[in-house]
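Asker: So here's protein-v2.txt, just compact mmCIF, C-alpha atoms:
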```txt
# COMPACT_ATOMS: atom_id res chain seq x y z
CA MET K 1007 -92.19 38.55 20.77
CA THR K 1008 -89.63 41.39 20.97
CA GLY K 1009 -87.30 42.47 18.17
CA SER K 1010 -84.33 40.74 19.78
CA GLU K 1011 -86.31 37.54 20.10
CA HIS K 1012 -87.25 37.72 16.42
CA GLY K 1013 -83.57 38.12 15.55
CA PHE K 1014 -82.58 35.21 17.77
CA ALA K 1015 -85.20 32.97 16.17
CA ALA K 1016 -84.13 34.00 12.67
CA GLU K 1017 -80.45 33.36 13.48
CA ALA K 1018 -81.26 29.95 14.91
CA LEU K 1019 -83.16 28.97 11.78
CA GLN K 1020 -80.45 30.12 9.37
CA ASN K 1021 -77.52 28.27 10.92
CA GLU K 1022 -76.71 24.68 10.08
CA GLY K 1023 -75.64 21.82 12.29
CA ALA K 1024 -76.50 19.96 15.46
CA VAL K 1025 -79.55 21.17 17.35
CA GLN K 1026 -80.65 21.76 20.92
CA PRO K 1027 -84.16 22.69 22.11
CA VAL K 1028 -84.19 26.35 23.19
CA PHE K 1029 -87.40 28.18 22.21
CA ARG K 1030 -90.90 27.93 20.80
CA SER K 1031 -90.87 28.01 17.00
CA ARG K 1032 -93.32 27.63 14.14
CA HIS K 1033 -90.87 25.07 12.77
CA ALA K 1034 -91.31 22.79 15.77
CA ALA K 1035 -93.94 20.05 15.93
CA LEU K 1036 -97.41 21.00 17.09
CA VAL K 1037 -98.21 20.05 20.68
CA GLY K 1038 -100.05 16.71 20.56
CA SER K 1039 -102.98 17.64 22.78
CA THR K 1040 -106.50 16.24 22.85
CA LEU K 1041 -107.73 19.50 21.32
CA LEU K 1042 -105.26 19.09 18.45
CA ALA K 1043 -106.57 15.56 17.84
CA ILE K 1044 -110.09 17.03 17.66
CA GLY K 1045 -108.82 19.70 15.28
CA VAL K 1046 -107.24 17.02 13.06
CA ALA K 1047 -110.49 15.05 13.03
CA LEU K 1048 -112.66 18.08 12.25
CA ALA K 1049 -110.30 19.22 9.50
CA ALA K 1050 -110.45 15.72 8.01
CA THR K 1051 -114.25 15.82 8.03
CA ASN K 1052 -114.04 18.63 5.46
CA LEU K 1053 -111.77 16.88 2.95
CA ARG K 1054 -114.49 14.94 1.09
CA PRO K 1055 -117.87 16.81 1.11
CA ALA K 1056 -116.53 19.15 -1.58
CA VAL K 1057 -116.37 16.08 -3.86
CA THR K 1058 -119.17 13.78 -2.69
CA GLY K 1059 -121.66 16.62 -2.14
CA LEU K 1060 -121.33 17.81 -5.72
CA ALA K 1061 -121.33 14.25 -7.09
CA SER K 1062 -124.62 13.41 -5.36
CA VAL K 1063 -126.44 16.21 -7.26
CA LEU K 1064 -124.27 16.23 -10.38
CA GLY K 1065 -127.20 15.38 -12.65
CA ASP K 1066 -129.14 18.41 -11.43
CA VAL K 1067 -126.06 20.64 -11.72
CA ARG K 1068 -125.57 19.53 -15.33
CA SER K 1069 -129.22 20.13 -16.20
CA SER K 1070 -129.30 23.51 -14.46
CA LEU K 1071 -126.16 24.81 -16.16
CA GLY K 1072 -126.86 23.21 -19.54
CA VAL K 1073 -123.30 21.88 -19.79
CA SER K 1074 -121.86 19.11 -21.93
CA ALA K 1075 -120.76 15.62 -20.96
CA ALA K 1076 -117.13 16.74 -21.43
CA TRP K 1077 -117.64 19.54 -18.85
CA THR K 1078 -119.18 17.03 -16.44
CA SER K 1079 -116.21 14.71 -16.86
CA ALA K 1080 -113.85 17.66 -16.37
CA VAL K 1081 -115.43 18.78 -13.10
CA THR K 1082 -115.10 15.24 -11.74
CA ALA K 1083 -111.40 15.25 -12.65
CA VAL K 1084 -110.67 18.66 -11.10
CA PRO K 1085 -110.27 17.41 -7.49
CA SER K 1086 -107.58 14.83 -8.28
CA LEU K 1087 -105.81 17.16 -10.73
CA CYS K 1088 -105.77 19.99 -8.20
CA PHE K 1089 -104.65 17.68 -5.39
CA GLY K 1090 -101.68 16.65 -7.50
CA LEU K 1091 -100.65 20.16 -8.55
CA ALA K 1092 -101.14 21.82 -5.15
CA ALA K 1093 -99.46 18.98 -3.27
CA PHE K 1094 -96.09 19.97 -4.79
CA ALA K 1095 -96.19 23.23 -2.83
CA SER K 1096 -97.39 21.75 0.47
CA PRO K 1097 -94.01 20.85 2.04
CA TRP K 1098 -92.71 24.34 1.21
CA LEU K 1099 -95.79 25.91 2.80
CA GLY K 1100 -95.26 23.82 5.92
CA ARG K 1101 -91.61 24.87 6.19
CA ARG K 1102 -92.24 28.52 5.33
CA PHE K 1103 -95.25 29.21 7.55
CA GLY K 1104 -95.28 26.31 10.02
CA MET K 1105 -97.90 23.58 10.26
CA ALA K 1106 -100.37 25.67 12.27
CA ARG K 1107 -100.55 28.48 9.73
CA ALA K 1108 -100.25 26.26 6.66
CA VAL K 1109 -103.14 23.98 7.63
CA GLY K 1110 -105.19 26.91 8.93
CA GLY K 1111 -104.65 28.80 5.69
CA SER K 1112 -105.67 25.78 3.65
CA LEU K 1113 -108.94 25.51 5.56
CA ALA K 1114 -109.59 29.19 4.83
CA VAL K 1115 -108.93 28.60 1.12
CA LEU K 1116 -111.28 25.59 1.18
CA THR K 1117 -114.05 27.71 2.71
CA LEU K 1118 -113.56 30.42 0.10
CA GLY K 1119 -113.67 27.94 -2.77
CA LEU K 1120 -116.88 26.30 -1.52
CA VAL K 1121 -118.54 29.71 -1.56
CA LEU K 1122 -117.14 30.85 -4.91
CA ARG K 1123 -118.28 27.81 -6.87
CA VAL K 1124 -121.99 28.36 -6.20
CA LEU K 1125 -122.08 32.08 -7.12
CA ASP K 1126 -122.22 31.83 -10.91
CA GLY K 1127 -122.17 29.56 -13.95
CA PRO K 1128 -120.02 26.67 -15.26
CA ALA K 1129 -116.72 28.59 -15.07
CA ALA K 1130 -117.37 29.52 -11.42
CA VAL K 1131 -118.18 25.90 -10.53
CA LEU K 1132 -114.93 24.70 -12.10
CA GLY K 1133 -112.84 27.54 -10.66
CA GLY K 1134 -114.36 27.37 -7.20
CA THR K 1135 -113.93 23.60 -7.11
CA PHE K 1136 -110.26 24.06 -8.04
CA VAL K 1137 -109.75 26.64 -5.26
CA ALA K 1138 -111.52 24.45 -2.69
CA CYS K 1139 -109.49 21.43 -3.70
CA ALA K 1140 -106.25 23.42 -3.45
CA GLY K 1141 -107.04 23.89 0.24
CA ILE K 1142 -107.85 20.20 0.59
CA ALA K 1143 -104.57 19.26 -1.12
CA VAL K 1144 -102.45 21.03 1.48
CA CYS K 1145 -104.32 19.29 4.30
CA ASN K 1146 -103.94 15.96 2.51
CA VAL K 1147 -100.15 16.29 2.59
CA LEU K 1148 -99.53 18.08 5.88
CA ILE K 1149 -101.96 16.43 8.29
CA PRO K 1150 -100.21 13.02 8.09
CA VAL K 1151 -97.00 14.86 8.98
CA VAL K 1152 -98.74 16.49 11.96
CA VAL K 1153 -99.91 13.03 13.06
CA LYS K 1154 -96.42 11.50 12.84
CA ASP K 1155 -94.63 14.41 14.55
CA SER K 1156 -97.22 15.38 17.16
CA PHE K 1157 -98.44 11.89 18.12
CA PRO K 1158 -95.35 9.68 17.61
CA GLY K 1159 -96.55 7.01 20.01
CA ARG K 1160 -100.08 6.89 18.61
CA VAL K 1161 -99.59 7.07 14.84
CA GLY K 1162 -101.94 4.15 14.15
CA LEU K 1163 -104.69 5.43 16.45
CA ILE K 1164 -104.64 9.06 15.29
CA THR K 1165 -104.33 8.04 11.64
CA GLY K 1166 -107.40 5.88 12.21
CA VAL K 1167 -109.28 8.81 13.74
CA TYR K 1168 -108.19 11.08 10.88
CA THR K 1169 -109.23 8.69 8.10
CA ALA K 1170 -112.45 7.73 9.90
CA ALA K 1171 -113.41 11.41 10.14
CA LEU K 1172 -112.47 11.84 6.49
CA ALA K 1173 -114.75 8.94 5.51
CA ALA K 1174 -117.54 10.28 7.69
CA GLY K 1175 -117.27 13.66 5.99
CA GLY K 1176 -117.56 12.00 2.60
CA ALA K 1177 -120.66 10.13 3.76
CA LEU K 1178 -122.23 13.32 5.11
CA GLY K 1179 -121.69 15.10 1.81
CA ALA K 1180 -123.26 12.27 -0.18
CA ALA K 1181 -126.19 11.60 2.16
CA PHE K 1182 -127.28 15.13 3.07
CA THR K 1183 -126.70 17.19 -0.07
CA PRO K 1184 -129.77 15.81 -1.95
CA PRO K 1185 -132.11 16.40 1.04
CA LEU K 1186 -130.61 19.88 1.49
CA GLU K 1187 -131.30 20.55 -2.18
CA ALA K 1188 -134.92 19.53 -1.68
CA PHE K 1189 -135.18 21.67 1.46
CA PHE K 1190 -133.65 24.81 -0.06
CA GLY K 1191 -135.01 24.21 -3.54
CA SER K 1192 -131.56 24.87 -5.00
CA TRP K 1193 -128.45 22.80 -5.59
CA ARG K 1194 -126.37 25.96 -5.06
CA ALA K 1195 -127.55 26.41 -1.47
CA ALA K 1196 -127.12 22.70 -0.75
CA VAL K 1197 -123.57 22.53 -2.12
CA GLY K 1198 -122.56 25.89 -0.65
CA ALA K 1199 -123.81 24.97 2.82
CA TRP K 1200 -120.71 22.84 3.39
CA ALA K 1201 -118.68 26.04 3.71
CA LEU K 1202 -120.14 26.38 7.21
CA LEU K 1203 -118.55 23.08 8.25
CA SER K 1204 -115.14 24.11 6.92
CA LEU K 1205 -115.43 27.46 8.70
CA ALA K 1206 -116.10 25.61 11.96
CA ALA K 1207 -113.01 23.45 11.37
CA LEU K 1208 -110.91 26.57 10.78
CA LEU K 1209 -112.04 28.14 14.07
CA VAL K 1210 -111.25 24.96 16.03
CA TRP K 1211 -107.87 24.63 14.34
CA ILE K 1212 -106.94 28.19 15.27
CA GLY K 1213 -107.58 27.36 18.92
CA ALA K 1214 -105.95 23.90 18.84
CA ALA K 1215 -102.71 24.30 16.84
CA ARG K 1216 -99.81 25.36 19.05
CA HIS K 1217 -96.15 24.77 18.17
CA GLY K 1218 -93.92 23.18 20.79
CA VAL K 1219 -90.26 23.68 21.64
CA GLY K 1220 -88.04 24.60 18.72
CA THR K 1221 -84.34 24.07 18.18
CA ARG K 1222 -81.21 26.20 18.00
CA THR K 1223 -78.53 25.24 15.53
CA VAL K 1224 -74.93 24.99 16.76
CA PRO K 1225 -72.57 26.53 14.15
CA GLY K 1226 -69.64 24.50 12.91
CA THR K 1227 -71.35 21.19 12.23
CA ARG K 1228 -73.32 20.11 9.20
CA ALA K 1229 -76.95 19.07 9.20
CA GLU K 1230 -78.00 15.78 7.68
CA PRO K 1231 -78.61 16.35 3.93
CA ARG K 1232 -82.07 15.85 2.51
CA ARG K 1233 -82.56 12.64 0.56
CA SER K 1234 -84.37 12.68 -2.76
CA MET K 1235 -87.34 10.33 -2.84
CA LEU K 1236 -87.22 10.37 -6.64
CA ARG K 1237 -84.25 7.97 -6.53
CA SER K 1238 -86.01 5.39 -4.37
CA ARG K 1239 -87.77 2.50 -6.13
CA LEU K 1240 -89.87 1.87 -3.04
CA ALA K 1241 -90.97 5.51 -3.01
CA TRP K 1242 -92.16 5.15 -6.62
CA VAL K 1243 -94.03 1.95 -5.82
CA ILE K 1244 -95.78 3.69 -2.92
CA THR K 1245 -96.52 6.69 -5.14
CA VAL K 1246 -98.20 4.65 -7.88
CA PHE K 1247 -99.99 2.57 -5.23
CA PHE K 1248 -101.34 5.76 -3.70
CA GLY K 1249 -102.27 7.09 -7.13
CA LEU K 1250 -104.25 4.00 -8.12
CA GLN K 1251 -106.16 3.83 -4.84
CA SER K 1252 -107.01 7.52 -5.27
CA LEU K 1253 -108.10 6.90 -8.86
CA LEU K 1254 -110.42 4.17 -7.59
CA ALA K 1255 -111.80 6.26 -4.74
CA TYR K 1256 -112.47 9.43 -6.72
CA THR K 1257 -113.98 7.53 -9.64
CA VAL K 1258 -116.38 5.84 -7.22
CA MET K 1259 -117.19 9.11 -5.44
CA SER K 1260 -117.76 10.94 -8.71
CA TRP K 1261 -119.75 8.40 -10.70
CA LEU K 1262 -121.36 5.79 -8.42
CA PRO K 1263 -124.70 7.66 -8.15
CA GLN K 1264 -124.84 7.94 -11.95
CA ILE K 1265 -124.02 4.25 -12.43
CA LEU K 1266 -126.78 3.24 -10.04
CA GLY K 1267 -129.20 5.82 -11.46
CA ASP K 1268 -128.74 4.51 -14.99
CA ALA K 1269 -129.38 1.01 -13.64
CA GLY K 1270 -132.80 2.11 -12.31
CA VAL K 1271 -131.99 3.19 -8.76
CA ASP K 1272 -133.71 6.46 -7.79
CA ARG K 1273 -131.58 9.53 -7.10
CA THR K 1274 -132.08 9.67 -3.32
CA THR K 1275 -131.31 5.97 -2.89
CA ALA K 1276 -128.26 6.28 -5.13
CA GLY K 1277 -126.98 9.15 -2.97
CA LEU K 1278 -127.59 7.10 0.17
CA LEU K 1279 -125.72 4.15 -1.31
CA LEU K 1280 -122.76 6.42 -2.02
CA ALA K 1281 -123.02 7.55 1.61
CA VAL K 1282 -122.95 3.89 2.69
CA THR K 1283 -119.76 3.44 0.67
CA MET K 1284 -118.21 6.42 2.43
CA VAL K 1285 -119.48 5.70 5.95
CA LEU K 1286 -118.06 2.18 5.83
CA GLY K 1287 -114.71 3.91 5.82
CA VAL K 1288 -115.29 4.94 9.43
CA PRO K 1289 -115.05 1.49 11.06
CA VAL K 1290 -112.52 0.34 8.46
CA SER K 1291 -110.34 3.36 9.21
CA LEU K 1292 -110.51 2.68 12.94
CA ILE K 1293 -109.50 -0.96 12.42
CA VAL K 1294 -106.97 -1.00 9.57
CA PRO K 1295 -104.31 1.54 10.71
CA PRO K 1296 -103.83 0.10 14.23
CA LEU K 1297 -103.60 -3.41 12.75
CA ALA K 1298 -101.13 -2.23 10.13
CA THR K 1299 -98.82 -0.68 12.75
CA ARG K 1300 -98.78 -3.91 14.78
CA TRP K 1301 -97.51 -6.05 11.91
CA SER K 1302 -94.15 -5.72 10.19
CA SER K 1303 -95.81 -6.57 6.86
CA GLN K 1304 -99.21 -5.35 5.69
CA THR K 1305 -99.54 -7.86 2.81
CA GLY K 1306 -102.51 -9.70 4.35
CA LEU K 1307 -104.47 -6.46 4.68
CA VAL K 1308 -103.71 -5.47 1.09
CA LEU K 1309 -104.88 -8.83 -0.27
CA ALA K 1310 -108.06 -8.84 1.82
CA LEU K 1311 -109.07 -5.30 0.84
CA GLY K 1312 -108.13 -5.86 -2.80
CA SER K 1313 -110.24 -9.03 -3.03
CA LEU K 1314 -113.33 -7.33 -1.58
CA THR K 1315 -112.94 -4.37 -3.91
CA ALA K 1316 -112.56 -6.62 -6.95
CA ALA K 1317 -115.72 -8.51 -6.04
CA GLY K 1318 -117.72 -5.30 -5.63
CA VAL K 1319 -116.47 -3.73 -8.85
CA THR K 1320 -117.22 -6.93 -10.77
CA GLY K 1321 -120.79 -6.84 -9.47
CA LEU K 1322 -121.19 -3.20 -10.57
CA ALA K 1323 -119.88 -4.08 -14.03
CA LEU K 1324 -122.01 -7.15 -14.69
CA ALA K 1325 -125.21 -6.69 -12.68
CA PRO K 1326 -125.37 -3.28 -10.94
CA ALA K 1327 -129.11 -3.47 -10.18
CA ALA K 1328 -129.08 -7.09 -8.98
CA ALA K 1329 -127.61 -6.36 -5.54
CA PRO K 1330 -126.48 -2.72 -5.39
CA GLY K 1331 -126.34 -2.76 -1.59
CA LEU K 1332 -123.92 -5.69 -1.60
CA TRP K 1333 -121.70 -4.15 -4.27
CA VAL K 1334 -121.36 -0.82 -2.47
CA VAL K 1335 -120.61 -2.56 0.85
CA LEU K 1336 -117.80 -4.56 -0.75
CA VAL K 1337 -116.38 -1.50 -2.48
CA GLY K 1338 -116.79 0.62 0.66
CA ILE K 1339 -114.77 -1.82 2.75
CA GLY K 1340 -112.20 -2.10 -0.02
CA LEU K 1341 -111.67 1.66 0.00
CA GLY K 1342 -109.87 1.02 3.28
CA MET K 1343 -106.82 1.03 0.99
CA PHE K 1344 -106.68 4.79 1.61
CA PRO K 1345 -105.96 4.73 5.36
CA LEU K 1346 -103.65 1.78 4.74
CA ALA K 1347 -101.73 3.84 2.16
CA LEU K 1348 -101.31 6.68 4.66
CA VAL K 1349 -99.99 4.30 7.31
CA ILE K 1350 -97.60 2.71 4.82
CA ILE K 1351 -96.18 6.17 4.06
CA SER K 1352 -95.43 6.60 7.78
CA LEU K 1353 -94.14 3.05 8.28
CA ARG K 1354 -91.79 3.18 5.29
CA THR K 1355 -90.06 6.35 6.55
CA VAL K 1356 -87.79 6.97 9.53
CA SER K 1357 -88.43 10.66 10.29
CA GLY K 1358 -91.04 13.36 10.01
CA ALA K 1359 -88.97 15.07 7.30
CA ASP K 1360 -88.90 11.88 5.22
CA THR K 1361 -92.63 11.42 5.83
CA ALA K 1362 -93.29 14.93 4.50
CA ARG K 1363 -91.19 14.33 1.39
CA LEU K 1364 -92.69 10.90 0.66
CA SER K 1365 -96.20 12.16 1.40
CA ALA K 1366 -95.72 15.09 -0.99
CA MET K 1367 -94.32 12.86 -3.72
CA ALA K 1368 -97.01 10.20 -3.32
CA GLN K 1369 -99.83 12.72 -3.23
CA SER K 1370 -98.61 15.10 -5.92
CA VAL K 1371 -97.73 12.47 -8.52
CA GLY K 1372 -100.37 10.05 -7.22
CA TYR K 1373 -103.25 12.50 -7.49
CA LEU K 1374 -102.15 13.49 -11.00
CA ILE K 1375 -102.37 9.79 -11.89
CA SER K 1376 -105.79 9.54 -10.27
CA ALA K 1377 -107.13 12.53 -12.26
CA ILE K 1378 -107.15 10.29 -15.32
CA GLY K 1379 -109.76 8.02 -13.72
CA PRO K 1380 -112.96 10.09 -13.36
CA PHE K 1381 -112.39 11.89 -16.68
CA THR K 1382 -111.70 8.71 -18.70
CA PHE K 1383 -114.48 6.87 -16.90
CA GLY K 1384 -117.06 9.44 -18.02
CA LEU K 1385 -115.77 9.68 -21.59
CA LEU K 1386 -115.88 5.90 -22.01
CA ARG K 1387 -119.46 5.92 -20.81
CA ASP K 1388 -120.43 8.47 -23.46
CA ALA K 1389 -118.46 6.65 -26.17
CA THR K 1390 -119.94 3.19 -25.48
CA GLY K 1391 -123.40 4.17 -24.26
CA ALA K 1392 -123.06 2.00 -21.14
CA TRP K 1393 -120.98 1.70 -17.98
CA THR K 1394 -119.75 -1.88 -18.53
CA VAL K 1395 -116.45 -1.08 -20.28
CA SER K 1396 -115.65 1.71 -17.84
CA VAL K 1397 -116.24 -0.44 -14.76
CA LEU K 1398 -114.31 -3.40 -16.19
CA LEU K 1399 -111.37 -1.05 -16.75
CA LEU K 1400 -111.70 -0.06 -13.10
CA LEU K 1401 -111.38 -3.75 -12.20
CA VAL K 1402 -108.01 -3.83 -13.99
CA VAL K 1403 -106.96 -0.86 -11.86
CA VAL K 1404 -107.96 -2.77 -8.69
CA LEU K 1405 -105.80 -5.74 -9.67
CA ALA K 1406 -102.79 -3.52 -10.39
CA LEU K 1407 -103.37 -1.63 -7.14
CA THR K 1408 -103.36 -4.86 -5.15
CA GLY K 1409 -100.12 -6.04 -6.75
CA LEU K 1410 -98.33 -2.78 -5.98
CA GLY K 1411 -99.72 -2.82 -2.45
CA VAL K 1412 -98.15 -6.20 -1.81
CA ILE K 1413 -94.75 -4.79 -2.78
CA ALA K 1414 -95.22 -1.57 -0.76
CA SER K 1415 -96.30 -3.49 2.35
CA ARG K 1416 -93.02 -5.37 2.80
CA PRO K 1417 -91.10 -4.24 5.92
CA ARG K 1418 -88.37 -1.82 4.84
CA THR K 1419 -87.87 1.93 4.54
CA VAL K 1420 -87.16 4.33 1.67
```
Could you show the structure in this file as structure tokens?
Answerer:
Amino acid sequence: MTGSEHGFAAEALQNEGAVQPVFRSRHAALVGSTLLAIGVALAATNLRPAVTGLASVLGDVRSSLGVSAAWTSAVTAVPSLCFGLAAFASPWLGRRFGMARAVGGSLAVLTLGLVLRVLDGPAAVLGGTFVACAGIAVCNVLIPVVVKDSFPGRVGLITGVYTAALAAGGALGAAFTPPLEAFFGSWRAAVGAWALLSLAALLVWIGAARHGVGTRTVPGTRAEPRRSMLRSRLAWVITVFFGLQSLLAYTVMSWLPQILGDAGVDRTTAGLLLAVTMVLGVPVSLIVPPLATRWSSQTGLVLALGSLTAAGVTGLALAPAAAPGLWVVLVGIGLGMFPLALVIISLRTVSGADTARLSAMAQSVGYLISAIGPFTFGLLRDATGAWTVSVLLLLVVVLALTGLGVIASRPRTV
């Protein structure tokens, strides 16, 4: 791009008013190509192994580092806490650098964090996990915006692909980290190996993400003002709904192997059962979003998923060893609340800009809410000497989540 072209682009971006397409710009939507859809899916595959991979060998990590129960609870809370804090900056990053660079940069940060956390002791694990999750947080907020803007006629389908890939990544992290630990003879090598997958996603994203036609502002007219989501009751309902489903998901991802292990299930089987919980998200994610976009109200889906989750959590609370396979299947299907929450964010907004603002609000505040879950869950276990109270509290969360989901699923916009 020449100097005059840079000046023209800058002038077009600074003016206010009506717009006309005139040039390619990093502020325009990414071109919705097949390669971009692959890039979205591969990026999504990397948004859970950082959590489920560590959770599946958490007992060995704790023993190796000689850390306390409080440290273990803290490291399980770091992902949600970081997602909430970093999500505040995501819309600004998207506007400042464009979606291609913002998402690409977040994948680079994720890769760096996955490497850093296996280089040293407890502080490095916490710090590296925070860095990795900062990269994940940006993707969490911006990829749904890419889906809405770049694939406007296929929001349900691409959201399904995105969330299915995300679930598959979580399953891979849970299922393969323990065998990798046995193969390498080190939890550090097993956990750090996932940096290779995020590096591959970064390389594909670089080749796939291309901005389309931008816009030139016509001076003399005013642009539509931005609306604050903080004043919308529906936006707050969606935010708390998102927060509670995240609290449920990250508590399950962080502690399910420990719950099953304490009930007598061996470590490898417990890791595989967590993988089952995650992999069930693949078919659920391919089914739920397209169904949700066909119906004006998503209440039936919320009630069905909430009922299954409640049944599974009740089983884990009262008789975890009686039928662990059944409980994790019920919970795994119920975690379909996540792709449903993403679709609801898109369906309750009328533009990509509103989607970005609602997504940032729901994920920043929502993930801060969810950070309470894994930390409190672990502390209650240590205080009571058993998992029963912790899991029953999780059942209360499921009931509240379902009630809020019913309200959020009614057909209207923020």
Asker: Give me, as JSON, numbers by chain, all polymer residues having an atom no more than 12 Å from Cys1145 in chain K, counting all atoms listed in the file and skipping those fewer than 6 positions away in the same chain.
Answerer: {"K": [1045, 1046, 1047, 1048, 1049, 1050, 1051, 1052, 1053, 1054, 1089, 1092, 1093, 1095, 1096, 1097, 1099, 1100, 1105, 1106, 1107, 1108, 1109, 1110, 1111, 1112, 1113, 1114, 1115, 1116, 1138, 1139, 1151, 1152, 1153, 1168, 1172, 1207, 1208, 1211, 1362, 1365, 1366, 1369]}
Asker: Would you put the residues from that selection into a file with C-alpha atoms, as a PDB file, in the coordinates of the input?
Answerer:
```pdb
ATOM      1  CA  GLY K1045    -108.820  19.700  15.280  1.00  0.00           C
ATOM      2  CA  VAL K1046    -107.240  17.020  13.060  1.00  0.00           C
ATOM      3  CA  ALA K1047    -110.490  15.050  13.030  1.00  0.00           C
ATOM      4  CA  LEU K1048    -112.660  18.080  12.250  1.00  0.00           C
ATOM      5  CA  ALA K1049    -110.300  19.220   9.500  1.00  0.00           C
ATOM      6  CA  ALA K1050    -110.450  15.720   8.010  1.00  0.00           C
ATOM      7  CA  THR K1051    -114.250  15.820   8.030  1.00  0.00           C
ATOM      8  CA  ASN K1052    -114.040  18.630   5.460  1.00  0.00           C
ATOM      9  CA  LEU K1053    -111.770  16.880   2.950  1.00  0.00           C
ATOM     10  CA  ARG K1054    -114.490  14.940   1.090  1.00  0.00           C
ATOM     11  CA  PHE K1089    -104.650  17.680  -5.390  1.00  0.00           C
ATOM     12  CA  ALA K1092    -101.140  21.820  -5.150  1.00  0.00           C
ATOM     13  CA  ALA K1093     -99.460  18.980  -3.270  1.00  0.00           C
ATOM     14  CA  ALA K1095     -96.190  23.230  -2.830  1.00  0.00           C
ATOM     15  CA  SER K1096     -97.390  21.750   0.470  1.00  0.00           C
ATOM     16  CA  PRO K1097     -94.010  20.850   2.040  1.00  0.00           C
ATOM     17  CA  LEU K1099     -95.790  25.910   2.800  1.00  0.00           C
ATOM     18  CA  GLY K1100     -95.260  23.820   5.920  1.00  0.00           C
ATOM     19  CA  MET K1105     -97.900  23.580  10.260  1.00  0.00           C
ATOM     20  CA  ALA K1106    -100.370  25.670  12.270  1.00  0.00           C
ATOM     21  CA  ARG K1107    -100.550  28.480   9.730  1.00  0.00           C
ATOM     22  CA  ALA K1108    -100.250  26.260   6.660  1.00  0.00           C
ATOM     23  CA  VAL K1109    -103.140  23.980   7.630  1.00  0.00           C
ATOM     24  CA  GLY K1110    -105.190  26.910   8.930  1.00  0.00           C
ATOM     25  CA  GLY K1111    -104.650  28.800   5.690  1.00  0.00           C
ATOM     26  CA  SER K1112    -105.670  25.780   3.650  1.00  0.00           C
ATOM     27  CA  LEU K1113    -108.940  25.510   5.560  1.00  0.00           C
ATOM     28  CA  ALA K1114    -109.590  29.190   4.830  1.00  0.00           C
ATOM     29  CA  VAL K1115    -108.930  28.600   1.120  1.00  0.00           C
ATOM     30  CA  LEU K1116    -111.280  25.590   1.180  1.00  0.00           C
ATOM     31  CA  ALA K1138    -111.520  24.450  -2.690  1.00  0.00           C
ATOM     32  CA  CYS K1139    -109.490  21.430  -3.700  1.00  0.00           C
ATOM     33  CA  VAL K1151     -97.000  14.860   8.980  1.00  0.00           C
ATOM     34  CA  VAL K1152     -98.740  16.490  11.960  1.00  0.00           C
ATOM     35  CA  VAL K1153     -99.910  13.030  13.060  1.00  0.00           C
ATOM     36  CA  TYR K1168    -108.190  11.080  10.880  1.00  0.00           C
ATOM     37  CA  LEU K1172    -112.470  11.840   6.490  1.00  0.00           C
ATOM     38  CA  ALA K1207    -113.010  23.450  11.370  1.00  0.00           C
ATOM     39  CA  LEU K1208    -110.910  26.570  10.780  1.00  0.00           C
ATOM     40  CA  TRP K1211    -107.870  24.630  14.340  1.00  0.00           C
ATOM     41  CA  ALA K1362     -93.290  14.930   4.500  1.00  0.00           C
ATOM     42  CA  SER K1365     -96.200  12.160   1.400  1.00  0.00           C
ATOM     43  CA  ALA K1366     -95.720  15.090  -0.990  1.00  0.00           C
ATOM     44  CA  GLN K1369     -99.830  12.720  -3.230  1.00  0.00           C
TER      45      GLN K1369
END
```
Asker: Using all atoms listed in the file for the distances, tell me which of K:Ala1195, K:Ile1149, K:Val1131, K:Ala1034 is nearest to Val1161 in chain K.
Answerer: K:Ile1149
Asker: Extract, using only C-alpha atoms, all DNA, RNA and protein residues at most 12 Å from Leu1236 in chain K, discarding same-chain residues fewer than 5 positions from it, and format them as a list in words.
Answerer: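 My list of contacting residues is Ala1241, Trp1242, Val1243, Ile1244, Thr1245, Arg1363, Leu1364, Ala1366, Met1367, Ala1368, Val1371 and Val1420 of chain K.
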Asker: Given the choices K:Gly1159, K:Gly1249, K:Pro1330, K:Gly1104, which gets closest to Ser1370 in chain K if the distance is worked out from all atoms listed in the file?
Answerer: K:Gly1249
Asker: For range 1261-1265 of chain K, please output as number ranges by chain all residues within 10 Å (counting all atoms listed in the file; exclusion window: fewer than 6 positions along the same chain).
Answerer: K: 1058, 1061-1065, 1079, 1082, 1180, 1271-1281, 1283, 1322-1323, 1326-1327, 1334, 1380, 1383-1384, 1387, 1392-1394, 1397
Asker: Using CA of Ala1129 in chain K and CA of Ile1142 in chain K as the two end points, give the distance in Å to one decimal.
Answerer: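 Answer for the CA of Ala1129 in chain K to CA of Ile1142 in chain K separation: 19.9 Å.
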Asker: Between K:Ile1293, K:Val1137, K:Ala1196, K:Ala1389, which residue has the minimum interatomic distance to Leu1307 in chain K, considering all atoms listed in the file?
Answerer: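 The answer is K:Ile1293, which sits nearest to Leu1307 in chain K.
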Asker: Identify which of the residues K:Leu1401, K:Pro1296, K:Thr1382, K:Ser1303 lies closest to Gly1166 in chain K, counting all atoms listed in the file when measuring atom-to-atom distances.
Answerer: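 Using all atoms listed in the file, Gly1166 in chain K sits closest to K:Pro1296.
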Asker: Quick one: of K:Gln1251, K:Thr1419, K:Ala1329, K:Arg1354, who's nearest to Val1403 in chain K, counting only C-alpha atoms?
Answerer: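 Using only C-alpha atoms, the shortest distance to Val1403 in chain K belongs to K:Gln1251.
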Asker: Go ahead and compute the interatomic distance for CA of Ser1291 in chain K and CA of Leu1041 in chain K, in Å to one decimal.
Answerer: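 For CA of Ser1291 in chain K relative to CA of Leu1041 in chain K, the distance reads 20.3 Å.
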